[in-house]
Structures are given as structure tokens and as C-alpha cells.
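run_33.txt follows; it contains compact mmCIF, C-alpha atoms.
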# COMPACT_ATOMS: atom_id res chain seq x y z
CA MET A 224 -20.49 38.56 10.88
CA THR A 225 -23.00 37.65 13.53
CA GLY A 226 -22.92 35.37 16.56
CA THR A 227 -19.93 34.35 18.63
CA THR A 228 -16.51 35.13 17.22
CA PHE A 229 -13.15 33.65 18.15
CA SER A 230 -9.51 34.61 18.01
CA THR A 231 -7.58 33.33 14.99
CA ASN A 232 -4.79 31.99 17.24
CA ARG A 233 -6.27 28.53 17.83
CA LEU A 234 -7.37 28.23 14.21
CA GLU A 235 -3.80 28.90 13.06
CA ALA A 236 -2.24 26.61 15.68
CA PHE A 237 -4.51 23.68 14.83
CA SER A 238 -4.07 24.24 11.10
CA ASP A 239 -0.29 24.40 11.41
CA GLY A 240 -0.34 21.00 13.14
CA VAL A 241 -2.37 19.44 10.31
CA PHE A 242 -0.11 20.97 7.67
CA ALA A 243 2.98 19.69 9.48
CA ILE A 244 1.63 16.15 9.75
CA ALA A 245 0.45 16.03 6.13
CA ILE A 246 3.73 17.31 4.74
CA THR A 247 5.71 14.89 6.92
CA LEU A 248 3.64 11.87 5.84
CA LEU A 249 4.75 12.46 2.25
CA VAL A 250 8.31 11.36 2.99
CA LEU A 251 7.14 7.92 4.15
CA ASP A 252 6.59 6.99 0.49
CA LEU A 253 10.32 7.34 -0.24
CA ASN A 254 11.57 3.78 0.22
CA VAL A 255 15.12 2.54 0.73
CA PRO A 256 15.80 -0.38 -1.66
CA GLU A 257 16.63 -3.55 0.24
CA PRO A 258 19.83 -5.35 -0.82
CA ASP A 259 17.87 -8.54 -1.55
CA SER A 260 15.58 -6.65 -3.94
CA LEU A 261 18.35 -5.44 -6.24
CA HIS A 262 18.60 -8.77 -8.15
CA GLY A 263 22.02 -7.99 -9.52
CA ARG A 264 21.24 -4.35 -10.31
CA SER A 265 23.12 -1.45 -8.77
CA LEU A 266 21.76 0.65 -5.95
CA ALA A 267 21.96 3.69 -8.23
CA PHE A 268 19.68 1.95 -10.75
CA ALA A 269 17.18 1.00 -8.03
CA LEU A 270 17.09 4.56 -6.71
CA ALA A 271 16.65 6.00 -10.20
CA HIS A 272 13.83 3.53 -10.81
CA GLN A 273 11.89 5.24 -8.00
CA TRP A 274 11.78 8.60 -9.80
CA PRO A 275 7.93 8.72 -9.78
CA ALA A 276 7.98 8.71 -5.97
CA TYR A 277 10.50 11.58 -5.91
CA PHE A 278 8.53 13.57 -8.48
CA ALA A 279 5.20 13.11 -6.70
CA TYR A 280 6.81 13.91 -3.33
CA LEU A 281 8.38 17.15 -4.54
CA VAL A 282 5.17 18.39 -6.20
CA SER A 283 2.95 17.54 -3.21
CA PHE A 284 5.48 19.00 -0.77
CA LEU A 285 5.48 22.23 -2.78
CA VAL A 286 1.67 22.27 -2.95
CA ILE A 287 1.17 21.80 0.79
CA GLY A 288 3.95 24.28 1.57
CA ILE A 289 2.37 26.97 -0.60
CA ILE A 290 -1.06 26.29 0.90
CA TRP A 291 0.45 26.78 4.37
CA ILE A 292 2.10 30.08 3.36
CA ASN A 293 -1.08 31.44 1.77
CA HIS A 294 -3.17 30.20 4.70
CA HIS A 295 -0.93 32.20 7.04
CA ALA A 296 -1.32 35.28 4.84
CA MET A 297 -5.09 34.87 4.81
CA CYS A 298 -5.29 34.49 8.60
CA ALA A 299 -3.46 37.80 8.89
CA LEU A 300 -6.42 39.52 7.22
CA ALA A 301 -8.87 39.02 10.09
CA ARG A 302 -8.86 39.83 13.79
CA ARG A 303 -11.69 37.40 14.63
CA VAL A 304 -13.43 34.42 13.01
CA ASP A 305 -16.85 32.85 13.45
CA ARG A 306 -18.16 29.27 13.28
CA THR A 307 -18.70 29.46 9.52
CA THR A 308 -15.05 30.32 9.01
CA LEU A 309 -13.97 27.53 11.35
CA PHE A 310 -15.99 24.98 9.36
CA ALA A 311 -14.58 26.33 6.09
CA ASN A 312 -11.11 25.93 7.56
CA LEU A 313 -11.91 22.33 8.53
CA PHE A 314 -12.94 21.64 4.94
CA LEU A 315 -9.56 22.94 3.74
CA LEU A 316 -7.73 20.80 6.31
CA LEU A 317 -9.74 17.77 5.17
CA THR A 318 -8.45 18.19 1.63
CA VAL A 319 -4.89 18.87 2.78
CA SER A 320 -4.72 15.89 5.13
CA VAL A 321 -5.78 13.50 2.36
CA ILE A 322 -3.08 14.64 -0.12
CA PRO A 323 -0.55 11.97 1.00
CA PHE A 324 -2.94 9.22 -0.22
CA PRO A 325 -3.28 10.31 -3.89
CA THR A 326 0.42 11.19 -3.83
CA ARG A 327 1.34 7.62 -2.93
CA LEU A 328 -1.24 6.26 -5.38
CA LEU A 329 0.21 8.33 -8.21
CA ALA A 330 3.80 7.48 -7.31
CA THR A 331 2.92 3.78 -7.43
CA TYR A 332 1.00 3.83 -10.71
CA LEU A 333 2.66 6.66 -12.64
CA THR A 334 4.66 4.23 -14.78
CA ALA A 335 2.01 1.47 -14.83
CA ARG A 336 -0.22 0.78 -17.84
CA HIS A 337 -1.88 3.90 -19.18
CA THR A 338 -5.37 3.16 -17.85
CA ASP A 339 -4.22 2.68 -14.26
CA ALA A 340 -1.80 5.60 -14.44
CA SER A 341 -4.56 7.87 -15.74
CA THR A 342 -6.94 6.76 -12.99
CA ALA A 343 -4.36 7.51 -10.31
CA ALA A 344 -3.58 10.87 -11.92
CA ALA A 345 -7.28 11.79 -12.15
CA ILE A 346 -7.74 11.02 -8.44
CA TYR A 347 -4.74 13.22 -7.65
CA ALA A 348 -6.12 16.03 -9.82
CA ALA A 349 -9.60 15.73 -8.28
CA THR A 350 -8.08 16.04 -4.81
CA MET A 351 -6.40 19.27 -5.88
CA VAL A 352 -9.69 20.56 -7.32
CA ALA A 353 -11.34 19.97 -3.93
CA MET A 354 -8.43 21.68 -2.20
CA GLY A 355 -8.67 24.72 -4.49
CA LEU A 356 -12.43 24.95 -3.89
CA ALA A 357 -11.91 24.69 -0.13
CA PHE A 358 -9.31 27.46 -0.13
CA THR A 359 -11.59 29.74 -2.16
CA LEU A 360 -14.47 29.13 0.25
CA LEU A 361 -12.20 29.91 3.19
CA PHE A 362 -11.11 33.15 1.53
CA LEU A 363 -14.75 34.15 1.07
CA ALA A 364 -15.49 33.28 4.70
CA PHE A 365 -12.59 35.40 5.92
CA THR A 366 -13.41 38.46 3.83
CA ARG A 367 -17.22 38.54 3.84
CA ASP A 368 -17.48 40.86 6.85
CA ALA A 369 -15.38 44.03 6.79
CA ARG A 370 -15.95 44.61 10.52
CA VAL A 371 -13.58 41.82 11.57
CA LEU A 372 -10.81 42.64 9.09
CA ARG A 373 -7.63 44.28 10.29
CA THR A 374 -7.65 46.59 7.26
CA PRO A 375 -10.71 47.36 5.09
CA LEU A 376 -10.40 45.69 1.68
CA PRO A 377 -11.65 47.65 -1.36
CA PRO A 378 -14.35 45.77 -3.32
CA GLN A 379 -12.32 45.97 -6.53
CA ALA A 380 -9.35 44.37 -4.79
CA LEU A 381 -11.55 41.53 -3.53
CA ARG A 382 -12.92 41.01 -7.02
CA ALA A 383 -9.40 40.91 -8.44
CA ALA A 384 -8.35 38.33 -5.85
CA GLY A 385 -11.48 36.33 -6.67
CA TRP A 386 -10.57 36.32 -10.35
CA ARG A 387 -7.07 35.08 -9.57
CA PHE A 388 -8.47 32.24 -7.46
CA GLY A 389 -10.98 31.51 -10.22
CA ILE A 390 -8.26 31.20 -12.85
CA GLY A 391 -6.43 28.73 -10.64
CA GLY A 392 -9.64 26.76 -10.10
CA VAL A 393 -10.24 26.43 -13.86
CA CYS A 394 -6.66 25.23 -14.31
CA TYR A 395 -7.16 22.65 -11.54
CA LEU A 396 -10.25 21.34 -13.35
CA ALA A 397 -8.30 21.15 -16.60
CA THR A 398 -5.71 18.87 -14.98
CA ILE A 399 -8.36 16.14 -14.66
CA ALA A 400 -8.55 16.02 -18.46
CA ILE A 401 -4.76 16.21 -18.72
CA ALA A 402 -4.54 13.18 -16.42
CA TYR A 403 -6.08 11.01 -19.15
CA LEU A 404 -3.72 12.38 -21.79
CA SER A 405 -0.46 12.24 -19.85
CA PRO A 406 -0.21 11.56 -16.10
CA VAL A 407 3.34 12.94 -16.05
CA ALA A 408 2.19 16.16 -17.73
CA MET A 409 -0.65 16.41 -15.20
CA LEU A 410 1.84 16.24 -12.31
CA ALA A 411 4.10 18.79 -13.99
CA THR A 412 1.10 21.11 -14.43
CA HIS A 413 0.41 20.96 -10.71
CA ALA A 414 4.01 21.93 -10.08
CA LEU A 415 3.47 24.99 -12.30
CA LEU A 416 0.21 25.83 -10.50
CA ALA A 417 2.05 25.67 -7.17
CA LEU A 418 4.59 28.14 -8.56
CA TYR A 419 1.69 30.36 -9.67
CA TYR A 420 0.39 30.41 -6.11
CA CYS A 421 3.88 31.17 -4.81
CA PHE A 422 3.03 34.77 -5.65
CA ASP A 423 0.94 36.42 -2.97
CA GLN A 424 -2.58 36.29 -4.40
CA LEU A 425 -3.84 38.47 -1.55
CA ALA A 426 -1.25 41.23 -1.82
CA PRO A 427 -3.40 43.58 -3.95
CA ALA A 428 -6.30 43.07 -1.54
CA ARG A 429 -4.14 44.24 1.35
CA THR A 430 -2.80 47.24 -0.52
CA GLN A 431 -4.71 50.44 -0.04
CA PRO A 432 -5.39 52.29 -3.32
CA PRO A 433 -3.20 55.41 -3.70
CA ARG A 434 -6.21 57.77 -3.69
CA GLN A 435 -7.44 56.35 -0.39
CA ALA A 436 -3.94 56.47 1.05
CA HIS A 437 -3.62 60.16 0.17
CA GLN A 438 -7.02 60.87 1.68
CA ALA A 439 -6.00 59.13 4.90
CA ASP A 440 -2.81 61.20 5.02
CA ASP A 441 -4.76 64.43 4.44
CA GLU A 442 -7.26 63.57 7.18
CA GLY A 443 -4.48 62.77 9.63
CA SER A 444 -2.43 65.91 8.87
CA PRO A 445 -2.83 68.93 11.17
Represent the structure of the file as C-alpha cells.
Amino acid sequence: MTGTTFSTNRLEAFSDGVFAIAITLLVLDLNVPEPDSLHGRSLAFALAHQWPAYFAYLVSFLVIGIIWINHHAMCALARRVDRTTLFANLFLLLTVSVIPFPTRLLATYLTARHTDASTAAAIYAATMVAMGLAFTLLFLAFTRDARVLRTPLPPQALRAAGWRFGIGGVCYLATIAIAYLSPVAMLATHALLALYYCFDQLAPARTQPPRQAHQADDEGSP
């Protein structure tokens, strides 16, 4: 890493603010049925009729929450960041901040005619593809220079982490096709992908191989 470097503190603070705003905006799509809009139906029926909004909210909340957790874990890898990493982080925040829009679009059209529902679902899936790409680019920016890392990462561990991100990226791309088959299944698939990323994808990269650990112990022993 060359050029001016910066502490990760401001990057994390600014990112946390964007995550907090994006995840809060999701709840604005949960509407309270007005008494005049019931038209003789019960409140329970009107609330149940809004199930697409609840489903989309829960999935997007889970997605943004998992991104925030993994972003925090990734920031813990490095002591310093450079301008390239800051721009990569901005790209990730761009994709995260826009998630409330496709979420509302999908919640509105999920039960509409198939063509409109599929279009809304494809836009949602494409947003997640961009988010996955942005997160992968940020990971590469964080780990490309071993000199700024808190702990050296073995090349094989980085490759393994790259494969795990790659698998997720392929699955994100596949959801665009699923959107045209079943918008509901597409949203459910994103819920499963969020659960996949619940597991720490960077844990093996932070774990020192046993052989190296023993060598470090031997070198440090009297």
C-alpha cells in the first residue's frame, strides 16, 4: 500500500451511520391501516394482507445487519487504510443505502401480476448482486497489502475466503433468474444467503495455521 494512509476509525464511524440510516428507513414501509380503508374488513385481515411488506422488511433487515457485522469483522483486519480502500468502502455504502428502494418496490409489487412482480424482484436481486460485488472489492482492498494488516494472512486462507465470497456472488447472480420464475422464491433465497453470510467468512483467514503457530511458539520460547 503506497501513499497516504488513514486510521480505520473514521471509516467505521461513517459506515456505521449509513448502515443505521439504511436499516431504519426499511421500517417506514410498514404502514398502519387507516380505519376508513378497511371497507368492512377486520384490522387483522388488513394487517395480514400486508405480508409482502413484512417479508421484504425482514429479509432486507437481515441482509443489512449481516453486512454490518461482516464489515466490522473486515475492518478489524487492518490497522490503516488508503484512498483506494476508502473509495471501495463508498461503493459498498452506495449499494447498502439504496436497498430500501428495491425493498419497497418489491413489497408493493410482490403480489401484483407476474410481469410486474418479476421486474421488481429482478431489480431487488440486481441490487444485491451489486452489493455482493462491492463487498468483495472492499475485501480485496483491505487485504491486498500485508504491511497494514494486524495479523499476516496466509495466501491459502485468502484464497479460501475468496472462494467463499465467489460462491455467494454466483448465488446472487442466480437470484436474478429466480426472480422471473418466482419472486417469492427469490426473496426466500436472499434470506438463505443472508443466513449463509451469518457465518464468519473471514474466520479462517484470521486463524494462523497450526504449523505456523507452533513455529511462533518455538521462536518465542527461551
Please report the interatomic distance between CA of Ser320 (chain A) and CA of Tyr419 (chain A) in Å with one decimal. 21.7 Å
Point-to-point distance from CA of Ser283 (chain A) to CA of Glu235 (chain A), Å rounded to tenths: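 Taking CA of Ser283 (chain A) as the start and CA of Glu235 (chain A) as the end point, the length is 21.0 Å.
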From the set A:Val319, A:Leu328, A:Val352, A:Leu313, which residue has the shortest atom-to-atom contact distance to Ile246 (chain A), counting all atoms listed in the file?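 Comparing A:Val319, A:Leu328, A:Val352, A:Leu313 against Ile246 (chain A), the winner is A:Val319.
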Which residues are close to Ala267 (chain A), i.e. within 12 Å by all atoms listed in the file, leaving aside same-chain residues fewer than 5 positions away? Reply as a VMD selection string. chain A and resid 255 to 256 258 261 272 to 274
Hey, which of A:Ile322, A:Ala299, A:Ile399, A:Ala357 ends up closest to Leu249 (chain A)? Count only C-alpha atoms.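 Selected residue with least distance to Leu249 (chain A): A:Ile322.
Among the candidates A:Ala279, A:Ile290, A:Leu360, A:Ala343, the one nearest to Thr412 (chain A) when counting only C-alpha atoms is A:Ala279.
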May I have the residues within 10 Å of Thr308 (chain A) as a PDB file with C-alpha atoms, keeping the file's coordinate frame, using only C-alpha atoms and disregarding those fewer than 5 positions away in the same chain?
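Once written, part07.pdb looks like this:
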ATOM      1  CA  THR A 228     -16.510  35.130  17.220  1.00  0.00           C
ATOM      2  CA  PHE A 229     -13.150  33.650  18.150  1.00  0.00           C
ATOM      3  CA  LEU A 234      -7.370  28.230  14.210  1.00  0.00           C
ATOM      4  CA  ARG A 303     -11.690  37.400  14.630  1.00  0.00           C
ATOM      5  CA  LEU A 313     -11.910  22.330   8.530  1.00  0.00           C
ATOM      6  CA  PHE A 314     -12.940  21.640   4.940  1.00  0.00           C
ATOM      7  CA  LEU A 360     -14.470  29.130   0.250  1.00  0.00           C
ATOM      8  CA  LEU A 361     -12.200  29.910   3.190  1.00  0.00           C
ATOM      9  CA  PHE A 362     -11.110  33.150   1.530  1.00  0.00           C
ATOM     10  CA  LEU A 363     -14.750  34.150   1.070  1.00  0.00           C
ATOM     11  CA  ALA A 364     -15.490  33.280   4.700  1.00  0.00           C
ATOM     12  CA  PHE A 365     -12.590  35.400   5.920  1.00  0.00           C
ATOM     13  CA  THR A 366     -13.410  38.460   3.830  1.00  0.00           C
ATOM     14  CA  ARG A 367     -17.220  38.540   3.840  1.00  0.00           C
TER      15      ARG A 367
END
For CA of Gln379 (chain A) and CA of Ala311 (chain A), quote the distance in Å rounded to one decimal.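 Between these atoms lies a distance of 23.5 Å.
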Just the residues within 10 Å of Ala353 (chain A), please, counting only C-alpha atoms, with nothing from its chain fewer than 6 positions along; format it as an MDAnalysis selection string. chainID A and resid 314:315 317:319 359 392 395:396
Would you save the residues from that selection as a PDB file, keeping the file's coordinate frame, using C-alpha atoms?
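And here's again.pdb as it stands now:
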ATOM      1  CA  PHE A 314     -12.940  21.640   4.940  1.00  0.00           C
ATOM      2  CA  LEU A 315      -9.560  22.940   3.740  1.00  0.00           C
ATOM      3  CA  LEU A 317      -9.740  17.770   5.170  1.00  0.00           C
ATOM      4  CA  THR A 318      -8.450  18.190   1.630  1.00  0.00           C
ATOM      5  CA  VAL A 319      -4.890  18.870   2.780  1.00  0.00           C
ATOM      6  CA  THR A 359     -11.590  29.740  -2.160  1.00  0.00           C
ATOM      7  CA  GLY A 392      -9.640  26.760 -10.100  1.00  0.00           C
ATOM      8  CA  TYR A 395      -7.160  22.650 -11.540  1.00  0.00           C
ATOM      9  CA  LEU A 396     -10.250  21.340 -13.350  1.00  0.00           C
TER      10      LEU A 396
END
Using only C-alpha atoms for the distances, tell me which of A:Ala402, A:Ala348, A:Pro378, A:Phe242 is nearest to Leu285 (chain A). A:Phe242
Which residues come within 10 Å of Ala417 (chain A), counting all atoms listed in the file, excluding same-chain residues fewer than 3 positions away, as a ChimeraX atom specification? /A:282-290,391,411-414,420-422
Selection export as a PDB file, in the frame of the given file, atoms kept: C-alpha atoms:
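Printed below is out-v1.pdb as written:
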ATOM      1  CA  VAL A 282       5.170  18.390  -6.200  1.00  0.00           C
ATOM      2  CA  SER A 283       2.950  17.540  -3.210  1.00  0.00           C
ATOM      3  CA  PHE A 284       5.480  19.000  -0.770  1.00  0.00           C
ATOM      4  CA  LEU A 285       5.480  22.230  -2.780  1.00  0.00           C
ATOM      5  CA  VAL A 286       1.670  22.270  -2.950  1.00  0.00           C
ATOM      6  CA  ILE A 287       1.170  21.800   0.790  1.00  0.00           C
ATOM      7  CA  GLY A 288       3.950  24.280   1.570  1.00  0.00           C
ATOM      8  CA  ILE A 289       2.370  26.970  -0.600  1.00  0.00           C
ATOM      9  CA  ILE A 290      -1.060  26.290   0.900  1.00  0.00           C
ATOM     10  CA  GLY A 391      -6.430  28.730 -10.640  1.00  0.00           C
ATOM     11  CA  ALA A 411       4.100  18.790 -13.990  1.00  0.00           C
ATOM     12  CA  THR A 412       1.100  21.110 -14.430  1.00  0.00           C
ATOM     13  CA  HIS A 413       0.410  20.960 -10.710  1.00  0.00           C
ATOM     14  CA  ALA A 414       4.010  21.930 -10.080  1.00  0.00           C
ATOM     15  CA  TYR A 420       0.390  30.410  -6.110  1.00  0.00           C
ATOM     16  CA  CYS A 421       3.880  31.170  -4.810  1.00  0.00           C
ATOM     17  CA  PHE A 422       3.030  34.770  -5.650  1.00  0.00           C
TER      18      PHE A 422
END
With distances taken over all atoms listed in the file, which of A:Arg336, A:Gly355, A:Ile401, A:Met297 is nearest to Leu372 (chain A)?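 Ranking A:Arg336, A:Gly355, A:Ile401, A:Met297 by distance to Leu372 (chain A), first place goes to A:Met297.
Using all atoms listed in the file, the shortest contact distance between Val407 (chain A) and any of A:Phe324, A:Phe310, A:Phe278, A:Phe358 is found at A:Phe278.
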